[in-house]
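Source file: final21.tsv. Holds: TSV, C-alpha atoms and all ligand atoms.
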chain	number	residue	atom	x	y	z
A	1	SER	CA	32.02	69.31	187.55
A	2	GLN	CA	31.68	72.49	189.59
A	3	PRO	CA	34.19	75.31	189.26
A	4	VAL	CA	36.02	76.39	192.40
A	5	LEU	CA	38.13	79.16	190.90
A	6	GLU	CA	37.47	81.01	187.66
A	7	ILE	CA	40.15	83.32	186.33
A	8	ARG	CA	38.58	85.66	183.78
A	9	ASN	CA	40.61	87.80	181.40
A	10	LEU	CA	43.34	88.45	183.94
A	11	ASN	CA	45.98	90.99	182.96
A	12	VAL	CA	49.09	91.77	184.98
A	13	ASP	CA	51.77	94.38	184.24
A	14	TYR	CA	55.08	95.11	185.89
A	15	GLY	CA	55.46	98.88	185.90
A	16	LEU	CA	53.38	101.63	184.40
A	17	GLY	CA	53.09	103.52	181.13
A	18	ASP	CA	55.08	102.62	178.04
A	19	LYS	CA	57.79	100.89	180.13
A	20	ALA	CA	55.24	98.39	181.46
A	21	VAL	CA	55.96	94.69	180.93
A	22	HIS	CA	52.71	92.91	180.13
A	23	ALA	CA	53.45	89.62	181.93
A	24	VAL	CA	49.98	88.03	182.05
A	25	ARG	CA	47.84	88.65	178.98
A	26	ASP	CA	44.15	88.11	179.08
A	27	VAL	CA	44.32	84.75	180.83
A	28	SER	CA	41.07	82.85	181.44
A	29	LEU	CA	41.30	79.53	183.24
A	30	THR	CA	38.90	77.48	185.36
A	31	LEU	CA	39.86	75.17	188.21
A	32	HIS	CA	37.20	72.55	188.93
A	33	ARG	CA	36.44	71.11	192.35
A	34	GLY	CA	38.77	68.24	193.20
A	35	GLU	CA	40.97	68.45	190.13
A	36	VAL	CA	44.70	68.91	189.69
A	37	LEU	CA	45.41	71.55	187.07
A	38	GLY	CA	48.98	71.69	185.82
A	39	LEU	CA	50.45	74.90	184.46
A	40	ALA	CA	53.59	74.61	182.36
A	41	GLY	CA	55.78	76.85	180.23
A	42	GLU	CA	59.37	78.01	179.92
A	43	SER	CA	60.96	80.35	182.41
A	44	GLY	CA	59.53	83.86	182.08
A	45	SER	CA	56.21	82.75	180.54
A	46	GLY	CA	54.25	84.30	183.41
A	47	LYS	CA	53.34	81.26	185.53
A	48	SER	CA	54.33	82.74	188.89
A	49	THR	CA	52.90	86.12	187.94
A	50	LEU	CA	49.56	84.43	187.32
A	51	ALA	CA	49.69	82.71	190.74
A	52	TYR	CA	50.73	85.89	192.53
A	53	GLY	CA	48.14	87.88	190.62
A	54	LEU	CA	45.17	85.68	191.41
A	55	THR	CA	45.95	85.83	195.13
A	56	ARG	CA	46.92	89.51	194.97
A	57	LEU	CA	50.39	88.83	196.29
A	58	LEU	CA	52.17	90.59	193.41
A	59	PRO	CA	55.40	92.24	194.47
A	60	PRO	CA	55.80	95.84	193.28
A	61	PRO	CA	55.87	97.04	190.55
A	62	GLY	CA	53.32	94.34	189.68
A	63	VAL	CA	49.78	95.60	189.04
A	64	ILE	CA	46.60	93.86	188.01
A	65	THR	CA	45.28	95.88	185.08
A	66	GLY	CA	42.12	93.91	184.45
A	67	GLY	CA	40.08	90.80	184.98
A	68	GLN	CA	38.26	88.88	187.65
A	69	VAL	CA	39.05	85.91	189.88
A	70	ILE	CA	35.77	84.34	190.92
A	71	TYR	CA	36.04	82.04	193.93
A	72	HIS	CA	33.23	79.62	194.77
A	73	PRO	CA	33.32	78.85	198.51
A	74	GLU	CA	31.84	75.52	199.50
A	75	GLY	CA	28.13	76.11	200.10
A	76	GLY	CA	28.46	79.89	199.76
A	77	GLN	CA	28.00	82.68	197.23
A	78	PRO	CA	30.79	83.15	194.68
A	79	TYR	CA	32.80	86.37	194.93
A	80	ASP	CA	35.58	88.22	193.10
A	81	VAL	CA	38.90	87.87	194.93
A	82	LEU	CA	40.18	90.98	193.19
A	83	ALA	CA	37.42	93.03	194.83
A	84	LEU	CA	37.94	91.82	198.44
A	85	THR	CA	38.93	94.19	201.25
A	86	ASP	CA	42.40	93.60	202.69
A	87	ARG	CA	40.97	91.98	205.80
A	88	LYS	CA	38.83	89.52	203.84
A	89	LEU	CA	41.73	88.89	201.50
A	90	ARG	CA	44.02	87.76	204.33
A	91	GLN	CA	41.38	85.27	205.39
A	92	PHE	CA	40.88	84.09	201.83
A	93	ARG	CA	44.58	83.47	201.34
A	94	TRP	CA	45.17	80.86	204.00
A	95	ALA	CA	41.73	79.53	204.77
A	96	GLU	CA	40.30	79.26	201.23
A	97	THR	CA	43.32	79.26	198.94
A	98	ALA	CA	46.80	78.44	200.20
A	99	ILE	CA	50.02	78.81	198.29
A	100	VAL	CA	53.37	77.10	198.49
A	101	PHE	CA	55.81	79.25	196.56
A	102	GLN	CA	59.00	78.56	194.68
A	103	GLY	CA	61.75	78.01	197.25
A	104	ALA	CA	59.21	78.27	200.04
A	105	MET	CA	61.07	75.77	202.17
A	106	ASN	CA	63.62	78.48	202.81
A	107	SER	CA	60.95	80.81	204.12
A	108	LEU	CA	60.45	78.90	207.37
A	109	ASN	CA	61.51	80.98	210.34
A	110	PRO	CA	64.91	79.63	211.45
A	111	VAL	CA	64.46	80.57	215.12
A	112	HIS	CA	61.10	78.84	215.66
A	113	LYS	CA	60.36	75.16	216.09
A	114	ILE	CA	58.29	73.73	213.27
A	115	SER	CA	55.46	72.95	215.70
A	116	THR	CA	55.27	76.64	216.62
A	117	GLN	CA	55.17	77.69	212.98
A	118	LEU	CA	52.22	75.40	212.35
A	119	THR	CA	50.31	76.51	215.44
A	120	ASP	CA	51.03	80.17	214.54
A	121	VAL	CA	48.88	79.79	211.44
A	122	LEU	CA	46.04	78.51	213.65
A	123	ARG	CA	46.64	81.24	216.22
A	124	ALA	CA	46.23	83.91	213.53
A	125	HIS	CA	43.14	82.41	211.92
A	126	GLU	CA	41.37	80.48	214.68
A	127	PRO	CA	41.74	82.75	217.72
A	128	LYS	CA	39.08	80.81	219.64
A	129	MET	CA	40.77	77.43	219.27
A	130	SER	CA	42.43	76.13	222.45
A	131	GLU	CA	46.21	75.70	222.62
A	132	HIS	CA	45.68	72.01	223.18
A	133	THR	CA	43.60	71.64	220.01
A	134	ARG	CA	46.12	73.69	218.04
A	135	GLY	CA	48.93	71.41	219.18
A	136	ALA	CA	46.94	68.33	218.30
A	137	ARG	CA	46.06	69.73	214.88
A	138	ALA	CA	49.71	70.58	214.18
A	139	ARG	CA	50.80	67.07	215.15
A	140	GLU	CA	48.11	65.54	212.99
A	141	MET	CA	49.13	67.72	210.04
A	142	LEU	CA	52.81	66.76	210.33
A	143	LYS	CA	51.85	63.11	210.48
A	144	LEU	CA	49.73	63.61	207.38
A	145	VAL	CA	52.70	64.97	205.42
A	146	GLY	CA	54.90	62.16	206.64
A	147	ILE	CA	56.86	63.80	209.42
A	148	SER	CA	57.08	61.82	212.64
A	149	PRO	CA	55.68	63.52	215.76
A	150	ASP	CA	59.07	63.27	217.46
A	151	ARG	CA	60.34	65.88	214.97
A	152	MET	CA	57.73	68.40	216.19
A	153	ASP	CA	60.29	70.27	218.26
A	154	ALA	CA	62.94	70.39	215.54
A	155	TYR	CA	64.17	73.67	214.09
A	156	PRO	CA	64.14	74.10	210.29
A	157	HIS	CA	67.93	73.64	209.94
A	158	GLN	CA	67.63	70.23	211.58
A	159	LEU	CA	65.43	69.00	208.73
A	160	SER	CA	66.30	68.02	205.16
A	161	GLY	CA	65.07	70.12	202.23
A	162	GLY	CA	62.39	67.58	201.48
A	163	MET	CA	61.14	67.62	205.06
A	164	ARG	CA	61.08	71.42	205.16
A	165	GLN	CA	59.04	71.38	201.97
A	166	ARG	CA	56.62	68.96	203.59
A	167	VAL	CA	56.31	71.26	206.60
A	168	MET	CA	55.35	74.05	204.18
A	169	ILE	CA	52.71	71.81	202.65
A	170	GLY	CA	51.45	71.05	206.16
A	171	MET	CA	51.19	74.78	206.87
A	172	ALA	CA	49.32	75.33	203.63
A	173	LEU	CA	46.83	72.57	204.47
A	174	ILE	CA	46.28	73.19	208.16
A	175	LEU	CA	43.24	75.46	207.67
A	176	GLN	CA	41.77	72.97	205.20
A	177	PRO	CA	41.68	75.25	202.15
A	178	GLN	CA	39.66	74.38	199.06
A	179	VAL	CA	42.47	75.33	196.71
A	180	VAL	CA	46.20	74.70	197.03
A	181	ILE	CA	48.56	76.39	194.59
A	182	MET	CA	52.05	74.99	194.32
A	183	ASP	CA	54.53	77.07	192.40
A	184	GLU	CA	57.45	74.85	191.49
A	185	PRO	CA	57.73	73.76	195.08
A	186	THR	CA	60.38	71.22	194.28
A	187	THR	CA	62.98	72.95	192.10
A	188	ALA	CA	65.58	72.81	194.84
A	189	LEU	CA	65.11	69.10	195.37
A	190	ASP	CA	66.26	66.12	193.41
A	191	VAL	CA	63.98	64.45	190.89
A	192	VAL	CA	63.10	61.47	193.07
A	193	MET	CA	62.12	63.82	195.89
A	194	GLN	CA	60.05	65.97	193.49
A	195	ARG	CA	57.95	63.05	192.43
A	196	GLN	CA	57.59	61.82	196.00
A	197	ILE	CA	56.34	65.14	197.31
A	198	LEU	CA	53.96	65.72	194.45
A	199	GLY	CA	52.67	62.17	194.79
A	200	GLN	CA	52.09	62.77	198.47
A	201	LEU	CA	50.17	65.97	197.81
A	202	ILE	CA	47.94	64.14	195.32
A	203	GLU	CA	47.29	61.43	197.89
A	204	LEU	CA	46.36	64.06	200.49
A	205	ARG	CA	44.07	65.67	197.96
A	206	GLU	CA	42.21	62.40	197.57
A	207	ARG	CA	41.72	62.24	201.34
A	208	LEU	CA	41.04	65.91	202.05
A	209	GLY	CA	39.29	66.87	198.82
A	210	PHE	CA	41.01	70.13	197.88
A	211	SER	CA	41.86	71.22	194.32
A	212	VAL	CA	45.39	71.87	193.13
A	213	ILE	CA	47.07	74.22	190.70
A	214	PHE	CA	50.55	72.88	190.18
A	215	ILE	CA	53.07	75.07	188.38
A	216	THR	CA	56.26	73.74	186.89
A	217	HIS	CA	58.27	73.66	183.70
A	218	ASP	CA	58.58	69.89	184.01
A	219	LEU	CA	55.78	68.57	181.83
A	220	SER	CA	56.58	64.96	182.67
A	221	LEU	CA	55.48	65.53	186.27
A	222	LEU	CA	52.28	67.18	185.06
A	223	VAL	CA	51.44	64.43	182.61
A	224	GLU	CA	51.81	61.94	185.42
A	225	PHE	CA	49.93	63.79	188.15
A	226	SER	CA	47.43	66.28	186.73
A	227	ASN	CA	43.95	65.92	185.29
A	228	ARG	CA	44.26	68.91	183.01
A	229	ILE	CA	47.21	70.87	181.68
A	230	ALA	CA	47.45	74.49	180.55
A	231	ILE	CA	50.50	75.66	178.61
A	232	MET	CA	51.68	79.26	178.87
A	233	TYR	CA	53.80	81.15	176.39
A	234	GLY	CA	54.64	84.84	176.50
A	235	GLY	CA	52.02	85.59	179.16
A	236	ARG	CA	49.17	83.77	177.42
A	237	ILE	CA	47.60	80.33	177.66
A	238	VAL	CA	48.28	78.74	174.27
A	239	GLU	CA	46.71	75.34	174.91
A	240	GLU	CA	44.57	73.69	177.54
A	241	ALA	CA	43.43	70.05	177.54
A	242	PRO	CA	43.04	66.89	179.62
A	243	ALA	CA	46.53	65.63	180.52
A	244	ALA	CA	46.19	62.40	178.54
A	245	THR	CA	44.95	64.28	175.46
A	246	ILE	CA	47.80	66.76	175.42
A	247	TYR	CA	50.32	63.98	175.99
A	248	ARG	CA	48.92	61.95	173.10
A	249	ASP	CA	48.13	64.77	170.71
A	250	ALA	CA	49.35	68.27	171.51
A	251	LEU	CA	47.89	70.73	168.98
A	252	HIS	CA	50.04	73.80	169.54
A	253	PRO	CA	53.56	73.45	168.09
A	254	TYR	CA	54.90	74.96	171.30
A	255	SER	CA	53.18	72.33	173.46
A	256	ALA	CA	54.45	69.63	171.13
A	257	GLY	CA	58.01	70.97	171.47
A	258	LEU	CA	57.72	71.19	175.22
A	259	LEU	CA	56.51	67.59	175.37
A	260	ALA	CA	59.18	66.37	172.99
A	261	SER	CA	61.83	67.72	175.33
A	262	PHE	CA	60.70	65.16	177.90
A	263	PRO	CA	60.93	61.94	175.89
A	264	ALA	CA	60.71	59.56	178.82
A	265	LEU	CA	58.62	60.21	181.89
A	266	ARG	CA	61.62	59.60	184.08
A	267	GLY	CA	64.35	60.48	181.60
A	268	PRO	CA	66.70	63.43	181.77
A	269	LYS	CA	65.54	66.82	180.50
A	270	ARG	CA	66.62	67.81	176.99
A	271	GLU	CA	66.66	71.04	175.03
A	272	LEU	CA	63.29	72.16	173.66
A	273	ALA	CA	63.17	69.74	170.74
A	274	GLY	CA	62.80	71.29	167.30
A	275	ILE	CA	62.22	74.72	168.77
A	276	PRO	CA	65.29	76.88	168.42
A	277	GLY	CA	65.47	80.35	169.92
A	278	SER	CA	64.48	81.61	173.30
A	279	PRO	CA	61.28	82.80	174.99
A	280	PRO	CA	60.12	86.23	173.85
A	281	ASP	CA	61.11	89.43	175.56
A	282	LEU	CA	57.85	90.59	177.07
A	283	ALA	CA	58.83	94.22	176.63
A	284	GLY	CA	59.14	93.79	172.85
A	285	MET	CA	56.66	91.06	172.06
A	286	PRO	CA	56.46	89.81	168.44
A	287	SER	CA	53.30	90.79	166.57
A	288	GLY	CA	50.55	88.26	165.89
A	289	CYS	CA	51.11	84.91	167.57
A	290	SER	CA	54.09	85.60	169.83
A	291	PHE	CA	55.44	82.12	169.12
A	292	HIS	CA	55.62	82.62	165.33
A	293	PRO	CA	59.35	83.50	165.11
A	294	ARG	CA	60.22	80.12	166.68
A	295	CYS	CA	57.41	78.10	165.15
A	296	PRO	CA	58.34	75.40	162.60
A	297	LYS	CA	54.81	75.57	161.17
A	298	ALA	CA	54.17	79.32	161.02
A	299	PHE	CA	52.26	80.53	157.92
A	300	ASP	CA	50.47	83.62	156.59
A	301	PRO	CA	48.23	84.75	159.46
A	302	CYS	CA	50.71	84.00	162.26
A	303	PRO	CA	52.93	87.12	162.17
A	304	THR	CA	50.00	89.52	161.91
A	305	THR	CA	47.01	88.27	163.88
A	306	ILE	CA	46.80	86.88	167.42
A	307	PRO	CA	44.93	83.54	167.39
A	308	VAL	CA	42.05	83.27	169.87
A	309	LEU	CA	42.14	80.52	172.51
A	310	GLY	CA	39.16	78.21	172.02
A	311	PRO	CA	37.95	74.73	171.02
A	312	PRO	CA	39.47	73.85	167.62
A	313	ALA	CA	36.86	73.94	164.84
A	314	ASP	CA	38.57	71.30	162.71
A	315	LEU	CA	38.70	68.55	165.34
A	316	ASN	CA	36.61	66.86	167.97
A	317	SER	CA	37.43	69.37	170.64
A	318	ALA	CA	36.56	67.23	173.73
A	319	GLY	CA	37.40	69.68	176.45
A	320	ARG	CA	40.43	71.13	174.77
A	321	SER	CA	41.30	74.64	173.68
A	322	VAL	CA	44.13	75.96	171.57
A	323	ALA	CA	45.31	79.35	170.35
A	324	CYS	CA	46.89	78.50	167.00
A	325	TRP	CA	46.10	79.31	163.35
A	326	LEU	CA	46.62	75.64	162.45
A	327	HIS	CA	43.46	74.90	164.43
A	328	PRO	CA	41.38	78.07	164.55
A	329	ALA	CA	38.86	78.26	167.35
A	330	LEU	CA	35.24	77.28	166.86
A	331	GLU	CA	33.99	80.68	167.90
A	332	ILE	CA	35.44	83.98	168.97
A	333	SER	CA	35.36	83.90	172.76
B	401	LIG	P1	59.95	80.60	186.06
B	401	LIG	O1	59.65	79.28	185.38
B	401	LIG	O2	61.37	80.99	185.86
B	401	LIG	O3	59.52	80.65	187.48
B	401	LIG	P2	57.60	82.16	185.34
B	401	LIG	O4	56.84	81.53	184.23
B	401	LIG	O5	57.11	81.97	186.72
B	401	LIG	O6	59.13	81.73	185.22
B	401	LIG	P3	57.35	84.97	185.93
B	401	LIG	O7	58.24	84.96	187.11
B	401	LIG	O8	55.89	85.06	186.17
B	401	LIG	O9	57.65	83.73	185.00
B	401	LIG	O10	57.80	86.18	185.02
B	401	LIG	C1	57.06	86.61	183.88
B	401	LIG	C2	57.70	87.84	183.31
B	401	LIG	O11	57.56	88.93	184.19
B	401	LIG	C3	59.20	87.71	183.05
B	401	LIG	O12	59.47	88.31	181.80
B	401	LIG	C4	59.84	88.46	184.15
B	401	LIG	O13	61.05	89.05	183.72
B	401	LIG	C5	58.82	89.52	184.48
B	401	LIG	N1	58.88	89.85	185.91
B	401	LIG	C6	58.71	89.01	186.95
B	401	LIG	N2	58.83	89.65	188.13
B	401	LIG	C7	59.09	90.93	187.83
B	401	LIG	C8	59.33	92.12	188.59
B	401	LIG	N3	59.31	92.09	189.92
B	401	LIG	N4	59.58	93.26	187.91
B	401	LIG	C9	59.60	93.29	186.58
B	401	LIG	N5	59.38	92.24	185.80
B	401	LIG	C10	59.14	91.08	186.40
B	402	MG	MG	57.98	81.14	188.43

Show the structure stored in the file as structure tokens.
Amino acid sequence: SQPVLEIRNLNVDYGLGDKAVHAVRDVSLTLHRGEVLGLAGESGSGKSTLAYGLTRLLPPPGVITGGQVIYHPEGGQPYDVLALTDRKLRQFRWAETAIVFQGAMNSLNPVHKISTQLTDVLRAHEPKMSEHTRGARAREMLKLVGISPDRMDAYPHQLSGGMRQRVMIGMALILQPQVVIMDEPTTALDVVMQRQILGQLIELRERLGFSVIFITHDLSLLVEFSNRIAIMYGGRIVEEAPAATIYRDALHPYSAGLLASFPALRGPKRELAGIPGSPPDLAGMPSGCSFHPRCPKAFDPCPTTIPVLGPPADLNSAGRSVACWLHPALEIS
């Protein structure tokens, strides 16, 4: 299917010079039209940095040091998001690609009614739209995310966490973007609520036709809801495959460990099974494959040479890529 967003060799640092922390390392990833792409990895692996980077919302001292983010607008010419002017970028961010960030439900303005916060997005982006139409669109959006119209005039503190999160999703969708990025939107909510909200977003996607990048460390949610999964470790993508494939047969020992820590889809979270140690310190990254000090299967090449991410040469690669010396890539990409 058609790509909607192509991340090419993206690199992001925090800070400059020899103190720089290289948080996103040469990441290439394609989001296809209509798909749900799940991004998983332990805390500190660079998931949020990737999301902030591709929308150029990096907080200082974050800097993009290389790469391209090619966006394919519906029926238009593709362009590089990283090369947009600030004015075009603001438009891109809500109208083409919308983001719901970690803890976003706490970023609603406490002194404004939720209806006003929704119509504000329209006011900023659709200056020619009538107040009446804006109000109608806001009501429709709230209904779509499961909030009854009689809550339109509520203030954020009058709503539960789950409802506030749904308002944020409504705000993200109100300009009908092609891409919605959710960065662990549900960490503050209980597990039942997490699944409900994600399920609702997927249902909306089927009706409205946008694509989703969903970021979490909970692989069980991704296995259930995404089409494809990419696993990040130490700032790099170490494996990427259709969700069912990775669930059945993860190739990278890190992916396998991550999956093994979620034995039942609905079970409680366990320690990273069979993978002792903690995520690498990005400032002093191990040589070679950065996972090798924790890897139960590390051998000769691992400590010295970084494996390239690509289709494994020793297996039927069917849409999957891995960066591991156990399954060296078909070709140097
Ligand atoms: P989590 O699952 O906890 O959200 P994450 O995968 O989203 O983690 P990031 O927040 O992207 O990880 O962080 C990646 C790395 O960049 C971490 O090592 C982190 O310490 C570092 N980092 C993040 N923000 C900053 C910052 N503002 N300044 C310096 N370093 C930062
Ligand atoms: Mg994060």

Item to check | For Val179 of chain A: contacts at 12 Å, only C-alpha atoms, fewer than 6 positions along chain excluded, given as number ranges by chain | outcome: A: 3-6, 31-37, 51, 54-55, 71-74, 92-100, 172-173, 205, 208-214

Next on the checklist: Just want the residues within 9 Å of ligand LIG 401 (chain B), written as a PyMOL selection string, counting all atoms listed in the file.
Outcome noted: chain A and resi 12-15+20-24+40-52+58-62+102+183-184+215-217+232-235+279-283

Gly135 of chain A: which residues within 12 Å, counting only C-alpha atoms, same-chain residues fewer than 5 positions away excluded, as an mmCIF file with C-alpha atoms, in the frame of the given file?
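Saved to result37.cif:
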data_model
loop_
_atom_site.group_PDB
_atom_site.id
_atom_site.type_symbol
_atom_site.label_atom_id
_atom_site.label_comp_id
_atom_site.auth_asym_id
_atom_site.auth_seq_id
_atom_site.Cartn_x
_atom_site.Cartn_y
_atom_site.Cartn_z
ATOM 1 C CA ILE A 114 58.290 73.730 213.270
ATOM 2 C CA SER A 115 55.460 72.950 215.700
ATOM 3 C CA THR A 116 55.270 76.640 216.620
ATOM 4 C CA GLN A 117 55.170 77.690 212.980
ATOM 5 C CA LEU A 118 52.220 75.400 212.350
ATOM 6 C CA THR A 119 50.310 76.510 215.440
ATOM 7 C CA ASP A 120 51.030 80.170 214.540
ATOM 8 C CA VAL A 121 48.880 79.790 211.440
ATOM 9 C CA LEU A 122 46.040 78.510 213.650
ATOM 10 C CA ARG A 123 46.640 81.240 216.220
ATOM 11 C CA MET A 129 40.770 77.430 219.270
ATOM 12 C CA SER A 130 42.430 76.130 222.450
ATOM 13 C CA GLU A 140 48.110 65.540 212.990
ATOM 14 C CA MET A 141 49.130 67.720 210.040
ATOM 15 C CA LEU A 142 52.810 66.760 210.330
ATOM 16 C CA PRO A 149 55.680 63.520 215.760
ATOM 17 C CA MET A 152 57.730 68.400 216.190
ATOM 18 C CA ASP A 153 60.290 70.270 218.260
ATOM 19 C CA ILE A 174 46.280 73.190 208.160
#

Checklist entry - Hey, what's within 12 Å of Val145 of chain A if we count only C-alpha atoms and toss same-chain stuff fewer than 5 positions away? As a ChimeraX atom specification, please? => result /A:138-140,162-174,196-205

Checklist entry - His327 of chain A: which residues within 9 Å, counting all atoms listed in the file, same-chain residues fewer than 6 positions away excluded, as a VMD selection string? => result chain A and resid 251 to 252 311 to 315

Next on the checklist: From the options A:Ser226, A:Asn9, A:Gln91, A:Thr85, which residue's atoms come nearest to Leu175 of chain A, counting only C-alpha atoms?
Outcome noted: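 Smallest distance to Leu175 of chain A is found for A:Gln91.
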
Next on the checklist: Can you tell me which residues surround Ala250 of chain A at a distance of at most 10 Å, considering all atoms listed in the file, apart from same-chain residues fewer than 5 positions away, and format the answer as a list in words?
Outcome noted: Glu239, Glu240, Ala241, Ala243, Ala244, Thr245, Ser255, Ala256, Gly257, Leu258, Leu259, Arg320 and Val322 of chain A

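Atom pair atom CA of Cys302 of chain A / atom CA of Pro253 of chain A: separated by 12.4 Å.
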
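Closest approach to ligand MG 402 (chain B) among A:Pro286, A:Ile64, A:Leu16, A:Met182: A:Met182, based on all atoms listed in the file.
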
Checklist outcome for this item: A straight line from atom CA of Arg195 of chain A to atom CA of Val69 of chain A spans 29.8 Å
